[in-house]
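Raw contents of target_27.txt, compact mmCIF, C-alpha atoms:
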```
# COMPACT_ATOMS: atom_id res chain seq x y z
CA MET A 113 -51.13 -21.92 48.19
CA LEU A 114 -53.87 -21.34 45.61
CA ARG A 115 -54.95 -18.25 47.53
CA ALA A 116 -51.38 -16.96 47.41
CA PHE A 117 -51.34 -17.30 43.60
CA VAL A 118 -54.64 -15.41 43.39
CA ASN A 119 -53.37 -12.68 45.72
CA ALA A 120 -50.19 -12.33 43.63
CA PHE A 121 -52.29 -11.35 40.59
CA ARG A 122 -54.39 -8.92 42.64
CA ILE A 123 -51.38 -6.66 43.23
CA PRO A 124 -50.79 -4.60 40.04
CA ASP A 125 -47.02 -4.22 40.52
CA LEU A 126 -46.46 -7.90 41.31
CA ARG A 127 -48.82 -8.99 38.51
CA ASN A 128 -46.88 -6.92 35.98
CA LYS A 129 -43.59 -8.46 37.14
CA ILE A 130 -44.95 -11.99 36.81
CA LEU A 131 -46.46 -11.32 33.37
CA PHE A 132 -43.22 -9.67 32.20
CA THR A 133 -41.23 -12.72 33.32
CA LEU A 134 -43.63 -15.04 31.50
CA LEU A 135 -43.32 -12.90 28.36
CA MET A 136 -39.51 -13.17 28.45
CA ILE A 137 -39.77 -16.95 28.93
CA ALA A 138 -42.12 -17.18 25.92
CA ILE A 139 -39.68 -15.20 23.75
CA TYR A 140 -36.82 -17.39 24.96
CA ARG A 141 -38.66 -20.59 24.05
CA PHE A 142 -39.65 -19.12 20.67
CA GLY A 143 -35.99 -18.35 19.92
CA ALA A 144 -35.11 -21.99 20.70
CA HIS A 145 -37.13 -23.04 17.63
CA VAL A 146 -35.99 -20.42 15.06
CA PRO A 147 -33.23 -22.09 12.99
CA VAL A 148 -30.11 -20.33 11.81
CA PRO A 149 -29.73 -19.78 8.04
CA VAL A 150 -27.89 -22.00 5.54
CA ILE A 151 -27.77 -25.20 7.64
CA ASP A 152 -29.99 -28.17 6.71
CA LEU A 153 -32.02 -28.57 9.92
CA SER A 154 -33.31 -32.09 9.13
CA ILE A 155 -29.76 -33.52 9.04
CA VAL A 156 -28.91 -32.04 12.44
CA GLN A 157 -32.13 -33.25 14.05
CA ASP A 158 -31.80 -36.79 12.68
CA SER A 159 -28.14 -37.02 13.72
CA LEU A 160 -28.71 -35.69 17.25
CA LYS A 161 -31.38 -38.28 18.08
CA GLY A 162 -29.95 -40.60 20.71
CA GLN A 163 -26.74 -38.58 21.05
CA GLN A 164 -25.21 -38.62 24.53
CA GLY A 165 -22.23 -37.06 26.24
CA VAL A 166 -21.33 -33.44 25.70
CA LEU A 167 -23.89 -32.80 22.98
CA ALA A 168 -26.72 -34.02 25.21
CA LEU A 169 -25.51 -31.74 28.02
CA LEU A 170 -25.27 -28.72 25.72
CA ASN A 171 -28.69 -29.48 24.29
CA LEU A 172 -30.17 -29.73 27.80
CA PHE A 173 -28.92 -26.32 28.92
CA SER A 174 -30.01 -24.69 25.67
CA GLY A 175 -33.55 -26.03 26.06
CA GLY A 176 -33.32 -28.15 22.91
CA ALA A 177 -32.13 -25.19 20.83
CA LEU A 178 -28.92 -26.99 19.83
CA ALA A 179 -30.88 -29.89 18.31
CA ASN A 180 -32.87 -27.31 16.34
CA MET A 181 -29.69 -25.33 15.46
CA ALA A 182 -31.71 -22.34 16.60
CA VAL A 183 -30.72 -18.75 17.16
CA PHE A 184 -30.41 -19.51 20.89
CA ALA A 185 -28.35 -22.69 20.35
CA LEU A 186 -25.51 -21.46 22.61
CA GLY A 187 -27.92 -20.79 25.47
CA ILE A 188 -26.99 -18.85 28.57
CA MET A 189 -23.79 -20.82 29.25
CA PRO A 190 -21.32 -18.31 27.71
CA TYR A 191 -22.67 -15.67 30.09
CA ILE A 192 -22.35 -18.00 33.10
CA THR A 193 -18.81 -18.94 32.07
CA SER A 194 -17.80 -15.29 31.77
CA SER A 195 -19.39 -14.56 35.17
CA ILE A 196 -17.32 -17.34 36.76
CA ILE A 197 -14.13 -16.06 35.10
CA MET A 198 -14.78 -12.50 36.32
CA GLN A 199 -15.49 -13.64 39.87
CA LEU A 200 -12.33 -15.73 39.96
CA LEU A 201 -10.26 -12.88 38.50
CA SER A 202 -11.68 -10.45 41.06
CA VAL A 203 -9.80 -12.43 43.73
CA VAL A 204 -6.52 -12.27 41.76
CA ILE A 205 -6.54 -8.88 39.97
CA PRO A 206 -6.39 -5.90 42.39
CA LYS A 207 -8.32 -3.57 40.05
CA LEU A 208 -11.29 -5.96 39.87
CA GLU A 209 -11.17 -6.42 43.64
CA GLN A 210 -11.23 -2.65 44.02
CA TRP A 211 -14.28 -2.43 41.77
CA ARG A 212 -16.02 -5.15 43.78
CA LYS A 213 -15.56 -3.10 46.96
CA GLN A 214 -16.92 0.09 45.37
CA GLY A 215 -20.52 -1.08 45.67
CA GLU A 216 -23.01 -0.41 42.90
CA THR A 217 -20.63 1.70 40.77
CA GLY A 218 -17.94 -0.99 40.75
CA GLN A 219 -20.48 -3.72 40.14
CA LYS A 220 -21.66 -1.92 37.00
CA LYS A 221 -18.09 -1.92 35.66
CA ILE A 222 -17.69 -5.64 36.39
CA THR A 223 -21.04 -6.37 34.73
CA GLN A 224 -20.01 -4.42 31.62
CA TRP A 225 -16.75 -6.39 31.27
CA THR A 226 -18.71 -9.60 31.86
CA ARG A 227 -20.86 -8.70 28.85
CA TYR A 228 -17.79 -8.07 26.68
CA LEU A 229 -16.32 -11.42 27.72
CA THR A 230 -19.63 -13.15 27.00
CA VAL A 231 -19.65 -11.85 23.42
CA MET A 232 -16.03 -12.98 22.93
CA LEU A 233 -16.81 -16.48 24.22
CA ALA A 234 -19.92 -16.65 22.04
CA LEU A 235 -17.87 -15.69 18.96
CA LEU A 236 -15.31 -18.40 19.71
CA GLN A 237 -17.87 -21.07 20.47
CA SER A 238 -20.13 -20.34 17.50
CA THR A 239 -17.09 -20.47 15.18
CA GLY A 240 -16.05 -23.79 16.71
CA ILE A 241 -19.56 -25.24 16.31
CA ALA A 242 -19.76 -24.18 12.64
CA PHE A 243 -16.43 -25.85 11.76
CA ALA A 244 -17.16 -28.91 13.94
CA LEU A 245 -20.47 -29.50 12.16
CA HIS A 246 -18.83 -29.17 8.76
CA ASN A 247 -15.96 -31.52 9.69
CA GLY A 248 -18.24 -34.10 11.29
CA GLN A 249 -16.51 -33.94 14.69
CA PHE A 250 -19.81 -34.37 16.52
CA GLY A 251 -20.51 -37.58 14.64
CA ILE A 252 -23.07 -35.67 12.59
CA ALA A 253 -23.28 -35.65 8.82
CA ASP A 254 -22.29 -32.34 7.24
CA PRO A 255 -25.49 -30.21 7.43
CA PHE A 256 -24.14 -27.61 4.99
CA PRO A 257 -25.52 -28.02 1.46
CA PRO A 258 -22.83 -28.57 -1.20
CA GLY A 259 -20.88 -25.39 -1.89
CA SER A 260 -22.53 -23.45 0.96
CA PHE A 261 -19.64 -23.61 3.45
CA THR A 262 -18.21 -20.26 2.42
CA PRO A 263 -16.74 -17.44 4.54
CA PRO A 264 -19.84 -15.19 4.17
CA ASN A 265 -22.19 -18.02 5.22
CA VAL A 266 -19.98 -19.01 8.17
CA ALA A 267 -19.79 -15.36 9.24
CA LEU A 268 -23.59 -15.13 9.02
CA ILE A 269 -24.03 -18.22 11.24
CA VAL A 270 -21.45 -16.99 13.76
CA LEU A 271 -23.08 -13.56 13.88
CA THR A 272 -26.55 -15.08 14.33
CA LEU A 273 -25.51 -17.37 17.20
CA THR A 274 -23.54 -14.59 18.91
CA ALA A 275 -26.46 -12.18 18.58
CA GLY A 276 -28.73 -14.86 20.07
CA THR A 277 -26.46 -15.20 23.11
CA ALA A 278 -26.34 -11.40 23.53
CA LEU A 279 -30.13 -11.29 23.35
CA ILE A 280 -30.45 -14.03 26.00
CA MET A 281 -28.03 -12.10 28.24
CA TRP A 282 -30.10 -8.95 27.83
CA MET A 283 -33.34 -10.82 28.55
CA GLY A 284 -31.86 -12.35 31.70
CA GLU A 285 -30.85 -8.91 32.98
CA LEU A 286 -34.31 -7.55 32.16
CA ILE A 287 -35.95 -10.35 34.17
CA THR A 288 -33.70 -9.56 37.14
CA GLN A 289 -34.52 -5.84 36.95
CA ARG A 290 -38.20 -5.83 36.01
CA GLY A 291 -39.44 -9.35 36.65
CA ILE A 292 -39.44 -11.95 39.42
CA GLY A 293 -36.34 -13.91 40.40
CA ASN A 294 -32.81 -14.05 39.05
CA GLY A 295 -32.96 -13.80 35.26
CA MET A 296 -30.04 -16.15 34.62
CA SER A 297 -31.51 -18.83 36.89
CA ILE A 298 -35.00 -18.42 35.43
CA LEU A 299 -33.77 -19.01 31.87
CA ILE A 300 -31.77 -22.08 32.91
CA PHE A 301 -34.82 -23.36 34.79
CA THR A 302 -36.89 -22.90 31.62
CA SER A 303 -34.35 -24.79 29.50
CA VAL A 304 -34.06 -27.70 31.92
CA ILE A 305 -37.77 -28.09 32.62
CA SER A 306 -38.59 -28.12 28.89
CA SER A 307 -36.71 -31.43 28.52
CA LEU A 308 -38.58 -33.18 31.35
CA PRO A 309 -41.40 -34.73 29.24
CA SER A 310 -39.02 -36.22 26.66
CA PHE A 311 -36.80 -37.58 29.44
CA GLY A 312 -39.79 -39.30 31.04
CA VAL A 313 -40.59 -40.93 27.71
CA THR A 314 -36.95 -42.08 27.40
CA ILE A 315 -37.06 -43.78 30.82
CA TYR A 316 -40.38 -45.43 29.97
CA LYS A 317 -39.10 -46.83 26.69
CA THR A 318 -35.76 -47.94 28.10
CA ALA A 319 -36.57 -49.19 31.61
CA GLY A 320 -40.35 -49.64 31.63
CA GLY A 321 -43.26 -48.14 33.54
CA LEU A 322 -42.31 -49.63 36.94
CA LYS A 323 -38.86 -48.06 36.98
CA LEU A 324 -40.32 -44.79 35.70
CA GLY A 325 -42.67 -44.79 38.71
CA MET A 326 -39.76 -45.61 41.02
CA PHE A 327 -37.72 -42.77 39.55
CA VAL A 328 -40.60 -40.32 39.99
CA GLY A 329 -40.95 -41.42 43.63
CA ILE A 330 -37.21 -40.95 44.21
CA MET A 331 -37.35 -37.51 42.63
CA ILE A 332 -40.22 -36.53 44.96
CA LEU A 333 -38.09 -37.56 47.95
CA VAL A 334 -35.17 -35.61 46.48
CA ILE A 335 -37.37 -32.52 46.12
CA VAL A 336 -38.50 -32.81 49.76
CA ALA A 337 -34.87 -33.20 50.89
CA VAL A 338 -33.75 -30.21 48.81
CA VAL A 339 -36.50 -27.98 50.22
CA PHE A 340 -35.64 -29.12 53.76
CA MET A 341 -31.95 -28.36 53.25
CA GLN A 342 -32.64 -25.00 51.58
CA GLN A 343 -34.72 -23.93 54.58
CA GLY A 344 -32.16 -25.12 57.16
CA GLN A 345 -30.21 -22.41 58.96
CA ARG A 346 -28.01 -21.79 62.00
CA ARG A 347 -29.21 -18.81 64.00
CA ILE A 348 -26.41 -16.84 65.67
CA PRO A 349 -27.85 -14.83 68.63
CA VAL A 350 -26.91 -11.14 68.77
CA GLN A 351 -27.54 -8.90 71.80
CA TYR A 352 -27.75 -5.12 71.41
CA ALA A 353 -27.15 -2.91 74.44
CA LYS A 354 -29.09 0.23 75.32
CA ARG A 355 -28.06 3.27 73.28
CA VAL A 356 -28.73 7.01 73.34
CA VAL A 357 -29.99 8.24 69.96
CA GLY A 358 -30.48 12.00 70.05
CA ARG A 359 -32.46 12.65 73.23
CA LYS A 360 -34.00 9.20 73.38
CA MET A 361 -32.79 6.04 75.05
CA THR A 362 -33.31 2.95 72.86
CA ALA A 363 -33.95 -0.28 74.71
CA GLY A 364 -31.62 -3.24 74.25
CA GLN A 365 -32.90 -6.05 72.09
CA SER A 366 -32.05 -9.58 71.08
CA THR A 367 -31.98 -10.79 67.49
CA TYR A 368 -30.10 -13.34 65.42
CA ILE A 369 -28.09 -13.74 62.22
CA PRO A 370 -29.57 -16.53 60.05
CA LEU A 371 -26.69 -18.46 58.45
CA GLN A 372 -28.17 -20.89 55.94
CA VAL A 373 -26.78 -24.40 55.62
CA ASN A 374 -26.82 -23.88 51.86
CA GLN A 375 -25.83 -20.21 51.77
CA ALA A 376 -25.02 -20.23 48.04
CA GLY A 377 -28.36 -21.69 46.95
CA VAL A 378 -28.44 -23.21 43.47
CA ILE A 379 -25.45 -21.20 42.16
CA PRO A 380 -22.81 -23.93 42.88
CA ILE A 381 -24.76 -26.39 40.69
CA ILE A 382 -25.00 -23.91 37.82
CA PHE A 383 -21.35 -22.90 38.10
CA ALA A 384 -20.11 -26.50 38.33
CA SER A 385 -22.17 -27.53 35.30
CA SER A 386 -20.81 -24.55 33.38
CA VAL A 387 -17.20 -25.48 34.21
CA MET A 388 -17.83 -29.06 33.04
CA TYR A 389 -19.21 -27.60 29.82
CA PHE A 390 -16.20 -25.31 29.31
CA PRO A 391 -13.76 -28.04 28.05
CA ALA A 392 -16.30 -29.03 25.41
CA MET A 393 -16.43 -25.43 24.22
CA ILE A 394 -12.62 -25.32 23.97
CA ALA A 395 -12.52 -28.67 22.15
CA ASN A 396 -15.05 -27.46 19.59
CA THR A 397 -13.20 -24.17 19.09
CA VAL A 398 -9.63 -25.42 18.66
CA GLN A 399 -10.74 -28.49 16.65
CA SER A 400 -8.56 -30.87 18.68
CA GLU A 401 -9.34 -34.57 18.22
CA TRP A 402 -7.37 -35.48 21.36
CA LEU A 403 -9.25 -32.96 23.48
CA GLN A 404 -12.56 -34.00 21.90
CA GLY A 405 -11.81 -37.62 22.79
CA LEU A 406 -11.02 -36.61 26.38
CA VAL A 407 -14.28 -34.69 26.65
CA ASN A 408 -16.37 -37.52 25.20
CA GLY A 409 -14.61 -40.09 27.38
CA PHE A 410 -13.45 -38.80 30.76
CA LEU A 411 -16.02 -35.96 30.87
CA ASN A 412 -18.97 -37.90 29.50
CA PRO A 413 -22.04 -36.92 31.59
CA SER A 414 -23.06 -40.58 31.89
CA GLY A 415 -19.66 -41.66 33.23
CA ILE A 416 -18.45 -42.04 36.83
CA SER A 417 -15.44 -39.75 36.31
CA TYR A 418 -17.71 -36.91 35.19
CA ASN A 419 -19.90 -37.26 38.28
CA LEU A 420 -16.91 -37.33 40.65
CA VAL A 421 -15.42 -34.18 39.11
CA LEU A 422 -18.86 -32.53 39.18
CA ALA A 423 -19.29 -33.36 42.90
CA THR A 424 -15.86 -31.91 43.69
CA LEU A 425 -16.66 -28.70 41.82
CA ILE A 426 -20.01 -28.37 43.61
CA VAL A 427 -18.26 -28.53 47.00
CA PHE A 428 -15.64 -26.00 45.82
CA PHE A 429 -18.16 -23.50 44.45
CA SER A 430 -20.32 -23.84 47.58
CA TYR A 431 -17.42 -22.52 49.65
CA PHE A 432 -16.32 -20.04 46.99
CA TYR A 433 -19.72 -18.42 46.46
CA THR A 434 -20.47 -18.41 50.21
CA ALA A 435 -17.25 -16.45 50.73
CA VAL A 436 -18.38 -14.00 48.03
CA VAL A 437 -21.91 -13.34 49.37
CA PHE A 438 -21.11 -13.33 53.10
CA ASN A 439 -18.22 -11.34 54.58
CA PRO A 440 -17.63 -12.21 58.28
CA VAL A 441 -15.31 -9.22 58.82
CA GLU A 442 -17.87 -6.74 57.49
CA THR A 443 -20.69 -8.37 59.47
CA ALA A 444 -18.64 -8.27 62.68
CA ASP A 445 -17.84 -4.57 62.10
CA ASN A 446 -21.51 -3.73 61.56
CA ILE A 447 -22.48 -5.55 64.77
CA ARG A 448 -19.84 -3.62 66.72
CA LYS A 449 -20.81 -0.25 65.22
CA TYR A 450 -24.40 -0.62 66.38
CA GLY A 451 -23.42 -1.69 69.88
CA GLY A 452 -24.13 -5.38 69.46
CA PHE A 453 -22.28 -8.51 70.46
CA ILE A 454 -22.62 -12.27 70.28
CA PRO A 455 -23.01 -13.67 73.82
CA GLY A 456 -19.71 -15.19 74.95
CA ILE A 457 -17.73 -13.73 72.02
CA ARG A 458 -15.74 -10.50 72.17
CA PRO A 459 -16.56 -7.86 69.48
CA GLY A 460 -14.24 -7.29 66.54
CA ALA A 461 -11.81 -9.91 65.28
CA PRO A 462 -13.02 -12.72 67.63
CA THR A 463 -16.59 -12.24 66.34
CA SER A 464 -15.36 -12.37 62.74
CA LYS A 465 -13.40 -15.56 63.42
CA TYR A 466 -16.39 -17.13 65.18
CA LEU A 467 -18.75 -16.35 62.27
CA ASN A 468 -16.23 -17.70 59.75
CA ASP A 469 -15.76 -20.93 61.74
CA VAL A 470 -19.52 -21.49 61.99
CA LEU A 471 -19.95 -20.78 58.27
CA VAL A 472 -17.20 -23.25 57.32
CA ARG A 473 -18.73 -25.98 59.50
CA ILE A 474 -22.30 -25.63 58.25
CA THR A 475 -21.28 -25.22 54.59
CA LEU A 476 -19.56 -28.62 54.55
CA PRO A 477 -22.70 -30.77 55.07
CA GLY A 478 -24.67 -28.45 52.76
CA SER A 479 -22.13 -28.79 49.95
CA ILE A 480 -21.81 -32.58 50.39
CA PHE A 481 -25.60 -32.85 50.31
CA LEU A 482 -25.73 -30.89 47.04
CA ALA A 483 -23.02 -33.06 45.50
CA ALA A 484 -24.71 -36.30 46.62
CA ILE A 485 -28.11 -35.26 45.25
CA ALA A 486 -26.47 -34.22 41.98
CA ILE A 487 -24.76 -37.58 41.27
CA LEU A 488 -26.86 -40.29 42.99
CA PRO A 489 -29.85 -40.17 40.56
CA SER A 490 -27.37 -40.28 37.67
CA LEU A 491 -25.69 -43.37 39.09
CA LEU A 492 -29.09 -45.01 39.58
CA LEU A 493 -30.00 -44.35 35.95
CA ALA A 494 -26.65 -45.76 34.84
CA VAL A 495 -27.41 -48.98 36.74
CA TRP A 496 -30.77 -49.19 34.94
CA GLY A 497 -29.06 -48.63 31.59
CA VAL A 498 -30.76 -45.28 31.00
CA GLN A 499 -28.58 -42.59 29.43
CA ASP A 500 -28.78 -39.71 31.87
CA VAL A 501 -29.52 -36.20 30.68
CA PHE A 502 -32.11 -34.99 33.16
CA GLY A 503 -30.69 -36.22 36.47
CA GLY A 504 -29.91 -34.96 39.95
CA THR A 505 -28.23 -31.77 38.74
CA SER A 506 -31.30 -30.77 36.77
CA ILE A 507 -33.59 -31.54 39.71
CA LEU A 508 -31.47 -29.38 42.01
CA ILE A 509 -31.54 -26.51 39.53
CA THR A 510 -35.31 -26.65 39.01
CA VAL A 511 -36.18 -27.01 42.70
CA GLY A 512 -33.65 -24.40 43.83
CA VAL A 513 -34.75 -21.79 41.28
CA ALA A 514 -38.45 -22.47 41.95
CA LEU A 515 -37.91 -22.11 45.70
CA GLU A 516 -35.94 -18.86 45.40
CA THR A 517 -38.53 -17.37 43.03
CA MET A 518 -41.35 -18.42 45.36
CA LYS A 519 -39.59 -16.70 48.27
CA GLN A 520 -39.38 -13.46 46.29
CA ILE A 521 -43.09 -13.59 45.49
CA GLU A 522 -43.87 -14.38 49.13
CA SER A 523 -41.84 -11.42 50.37
CA GLN A 524 -43.80 -9.16 48.02
CA LEU A 525 -47.08 -10.58 49.37
CA LEU A 526 -46.06 -10.20 53.02
CA MET A 527 -45.08 -6.57 52.42
CA ARG A 528 -48.68 -5.94 51.38
CA HIS A 529 -50.16 -7.92 54.29
CA TYR A 530 -51.09 -10.99 52.26
CA GLU A 531 -50.38 -14.56 53.28
CA GLY A 532 -47.46 -16.14 51.46
CA PHE A 533 -46.84 -19.66 50.17
CA LEU A 534 -45.08 -20.78 53.35
CA SER A 535 -47.30 -18.95 55.85
```

Would you mind writing the structure in this file as structure tokens?
Amino acid sequence: MLRAFVNAFRIPDLRNKILFTLLMIAIYRFGAHVPVPVIDLSIVQDSLKGQQGVLALLNLFSGGALANMAVFALGIMPYITSSIIMQLLSVVIPKLEQWRKQGETGQKKITQWTRYLTVMLALLQSTGIAFALHNGQFGIADPFPPGSFTPPNVALIVLTLTAGTALIMWMGELITQRGIGNGMSILIFTSVISSLPSFGVTIYKTAGGLKLGMFVGIMILVIVAVVFMQQGQRRIPVQYAKRVVGRKMTAGQSTYIPLQVNQAGVIPIIFASSVMYFPAMIANTVQSEWLQGLVNGFLNPSGISYNLVLATLIVFFSYFYTAVVFNPVETADNIRKYGGFIPGIRPGAPTSKYLNDVLVRITLPGSIFLAAIAILPSLLLAVWGVQDVFGGTSILITVGVALETMKQIESQLLMRHYEGFLS
């Protein structure tokens, strides 16, 4: 593995991508410590110590920027929420579905509208946070100095937080285009992993060194299980008959379609966490005490109800995203066009139905596994009396993103005849 890291920096193109990604991560972490104007930062930091529930979840996915009331306090979540909304609407609205089928041109249009929606959500959420802080709805003392809660100052804070979200969105897209890995996932990975040291200290102070060691051991087993499940796949054999191409006769060959047990990767975890975060955003925006009480009670990240809803959403998004990324009808048509067939299955509609049935069957254990890994560590911490912030969901995100990024680097190495991480 060490040789693979060395080889990665020997290739100029791959080295530049890695260094560019690290530069974007450094800028992202710097922005998580630059406070917004007007607000008294010391009051926010003192009040957020020991806070749980929605605030702890928002702070986790912003990489601690919310506790610092930083420029990047909203994090990447508005962009994820808008992406989910656009993907759901693309199933309902014919125009969006038409764009989705247009390939790269249609995808650019969907991406542009996703950006517009992200800015709108950021404006709403930043306005809600400003008024919630002033009214003490987070259980935090008013951080605005006397006489400073004026329309110009509120507009300045809203503009700063919205601009920070737009900058994060732009950085994520730059990482995807010029760096290594998916930019959105990389930034979430950075936010989550930055809270790991403080979470370890919390477990040590609350439960003691023995339980901290037990938790680390359990997390190592979870990581092994996640890697094993991510690598698992069902190989569908495909036989291609002999064909005449020009004046040449091509020999028949056998290959396979690798259907992964966890086809959607880490996306269901990110989407499910974003949906659980969405009610908190609405509660902060509309300033509803009833909705805020529901969020802090029923949707408290340390509660059983929250974990059950989260598990259900993970299963749903596993199927939903798998249906988005893999089209059995299109795959069956491509197999038929090139003279291929699955042994024992007729080409065309029967092949499509067979692929869909296999995908449904293998996605079920994969989605249940993801849901179980997401909630079991949290339940264990609840039994120990440790308020969970960095639990199974965070572990799944970090391991999943690290594994996907490592695969991208490995593919680049193998293209240049170097050994990869898994070789």

Closest of A:Ser479, A:Gln237, A:Gln157, A:Ser417 to Leu491 of chain A, counting all atoms listed in the file, is A:Ser417

Mind checking which residues fall within 6 Å of segment 128-132 of chain A, counting only C-alpha atoms, ignoring those fewer than 3 positions away in the same chain, and posting them as a PDB file with C-alpha atoms, keeping the file's coordinate frame?
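Output file out19.pdb follows:
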```
ATOM      1  CA  ASP A 125     -47.020  -4.220  40.520  1.00  0.00           C
ATOM      2  CA  LEU A 135     -43.320 -12.900  28.360  1.00  0.00           C
ATOM      3  CA  GLY A 291     -39.440  -9.350  36.650  1.00  0.00           C
ATOM      4  CA  ILE A 292     -39.440 -11.950  39.420  1.00  0.00           C
TER       5      ILE A 292
END
```

Spatial neighbours of Leu476 of chain A, max dist 9 Å, only C-alpha atoms, sep filter under 5 positions, as JSON, numbers by chain | {"A": [373, 427, 430, 431, 471, 481]}

With C-alpha atoms retained, could you export that selection as a PDB file, keeping the file's coordinate frame?
```pdb
ATOM      1  CA  VAL A 373     -26.780 -24.400  55.620  1.00  0.00           C
ATOM      2  CA  VAL A 427     -18.260 -28.530  47.000  1.00  0.00           C
ATOM      3  CA  SER A 430     -20.320 -23.840  47.580  1.00  0.00           C
ATOM      4  CA  TYR A 431     -17.420 -22.520  49.650  1.00  0.00           C
ATOM      5  CA  LEU A 471     -19.950 -20.780  58.270  1.00  0.00           C
ATOM      6  CA  PHE A 481     -25.600 -32.850  50.310  1.00  0.00           C
TER       7      PHE A 481
END
```

Name the residues, using the chain letters and numbers of the file, that sit within 10 Å of (-21.2, -17.8, 59.1) when counting only C-alpha atoms, and give them as a ChimeraX atom specification.
-> /A:346-348,369-373,375,434-435,438-440,443,464-475

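If you measure from each of A:Ala182, A:Val350, A:Ile381, A:Met198 to Pro149 of chain A using all atoms listed in the file, the closest one turns out to be A:Ala182.
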
Kindly indicate which residue among A:Ile330, A:Met296, A:Leu170, A:Leu268 lies nearest to Pro391 of chain A, using all atoms listed in the file for the distances.
->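 Ranking A:Ile330, A:Met296, A:Leu170, A:Leu268 by distance to Pro391 of chain A, first place goes to A:Leu170.
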
Looking at only C-alpha atoms, which of A:Gly176, A:Pro255, A:Gly312, A:Gly218 is the one that sits closest to Ile300 of chain A?
->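 Ranking A:Gly176, A:Pro255, A:Gly312, A:Gly218 by distance to Ile300 of chain A, first place goes to A:Gly176.
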
Would you list the contacts of Leu126 of chain A as a short mmCIF file (atom, residue, chain, number, x, y, z; two decimals) with C-alpha atoms, in the frame of the given file, taking every protein, DNA or RNA residue within 12 Å and counting only C-alpha atoms, but skipping same-chain residues closer than 3 positions in sequence?
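The resulting file, selection14.cif, is reproduced below:
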```
data_model
loop_
_atom_site.label_atom_id
_atom_site.label_comp_id
_atom_site.auth_asym_id
_atom_site.auth_seq_id
_atom_site.Cartn_x
_atom_site.Cartn_y
_atom_site.Cartn_z
CA ALA A 116 -51.38 -16.96 47.41
CA PHE A 117 -51.34 -17.30 43.60
CA VAL A 118 -54.64 -15.41 43.39
CA ASN A 119 -53.37 -12.68 45.72
CA ALA A 120 -50.19 -12.33 43.63
CA PHE A 121 -52.29 -11.35 40.59
CA ARG A 122 -54.39 -8.92 42.64
CA ILE A 123 -51.38 -6.66 43.23
CA LYS A 129 -43.59 -8.46 37.14
CA ILE A 130 -44.95 -11.99 36.81
CA LEU A 131 -46.46 -11.32 33.37
CA PHE A 132 -43.22 -9.67 32.20
CA THR A 133 -41.23 -12.72 33.32
CA ARG A 290 -38.20 -5.83 36.01
CA GLY A 291 -39.44 -9.35 36.65
CA ILE A 292 -39.44 -11.95 39.42
CA GLY A 293 -36.34 -13.91 40.40
CA GLN A 520 -39.38 -13.46 46.29
CA ILE A 521 -43.09 -13.59 45.49
CA GLU A 522 -43.87 -14.38 49.13
CA SER A 523 -41.84 -11.42 50.37
CA GLN A 524 -43.80 -9.16 48.02
CA LEU A 525 -47.08 -10.58 49.37
CA LEU A 526 -46.06 -10.20 53.02
CA MET A 527 -45.08 -6.57 52.42
CA ARG A 528 -48.68 -5.94 51.38
#
```

Would you mind listing what lies within 9 Å of Met388 of chain A as a PDB file with C-alpha atoms, in the frame of the given file, with all atoms listed in the file counted and same-chain residues fewer than 2 positions away left out?
```
ATOM      1  CA  PHE A 383     -21.350 -22.900  38.100  1.00  0.00           C
ATOM      2  CA  ALA A 384     -20.110 -26.500  38.330  1.00  0.00           C
ATOM      3  CA  SER A 385     -22.170 -27.530  35.300  1.00  0.00           C
ATOM      4  CA  SER A 386     -20.810 -24.550  33.380  1.00  0.00           C
ATOM      5  CA  PHE A 390     -16.200 -25.310  29.310  1.00  0.00           C
ATOM      6  CA  PRO A 391     -13.760 -28.040  28.050  1.00  0.00           C
ATOM      7  CA  ALA A 392     -16.300 -29.030  25.410  1.00  0.00           C
ATOM      8  CA  LEU A 411     -16.020 -35.960  30.870  1.00  0.00           C
ATOM      9  CA  TYR A 418     -17.710 -36.910  35.190  1.00  0.00           C
ATOM     10  CA  VAL A 421     -15.420 -34.180  39.110  1.00  0.00           C
ATOM     11  CA  LEU A 422     -18.860 -32.530  39.180  1.00  0.00           C
ATOM     12  CA  LEU A 425     -16.660 -28.700  41.820  1.00  0.00           C
TER      13      LEU A 425
END
```

Of the candidates A:Thr367, A:Ala319, A:Ala461, A:Ile298, which one gets nearest to Val511 of chain A if we count all atoms listed in the file?
-> A:Ile298

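Of the residues under consideration (A:Thr277, A:Thr463, A:Thr226, A:Thr217), A:Thr277 shows the shortest atom-to-atom contact distance to Ala144 of chain A when counting all atoms listed in the file.
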
Can you work out the spacing between atom CA of Ser303 of chain A and atom CA of Leu172 of chain A in Å, to one decimal?
->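 About the pair atom CA of Ser303 of chain A and atom CA of Leu172 of chain A: they are 6.7 Å apart.
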
Find the spatial neighbours of Asn265 of chain A, counting all atoms listed in the file, within a cut-off of 10 Å - ignore same-chain residues fewer than 5 positions away - and output them as a PyMOL selection string.
-> chain A and resi 149-151+242+256+260+270-271

Save out the residues we just selected, C-alpha atoms, as a PDB file, keeping the file's coordinate frame.
```
ATOM      1  CA  PRO A 149     -29.730 -19.780   8.040  1.00  0.00           C
ATOM      2  CA  VAL A 150     -27.890 -22.000   5.540  1.00  0.00           C
ATOM      3  CA  ILE A 151     -27.770 -25.200   7.640  1.00  0.00           C
ATOM      4  CA  ALA A 242     -19.760 -24.180  12.640  1.00  0.00           C
ATOM      5  CA  PHE A 256     -24.140 -27.610   4.990  1.00  0.00           C
ATOM      6  CA  SER A 260     -22.530 -23.450   0.960  1.00  0.00           C
ATOM      7  CA  VAL A 270     -21.450 -16.990  13.760  1.00  0.00           C
ATOM      8  CA  LEU A 271     -23.080 -13.560  13.880  1.00  0.00           C
TER       9      LEU A 271
END
```
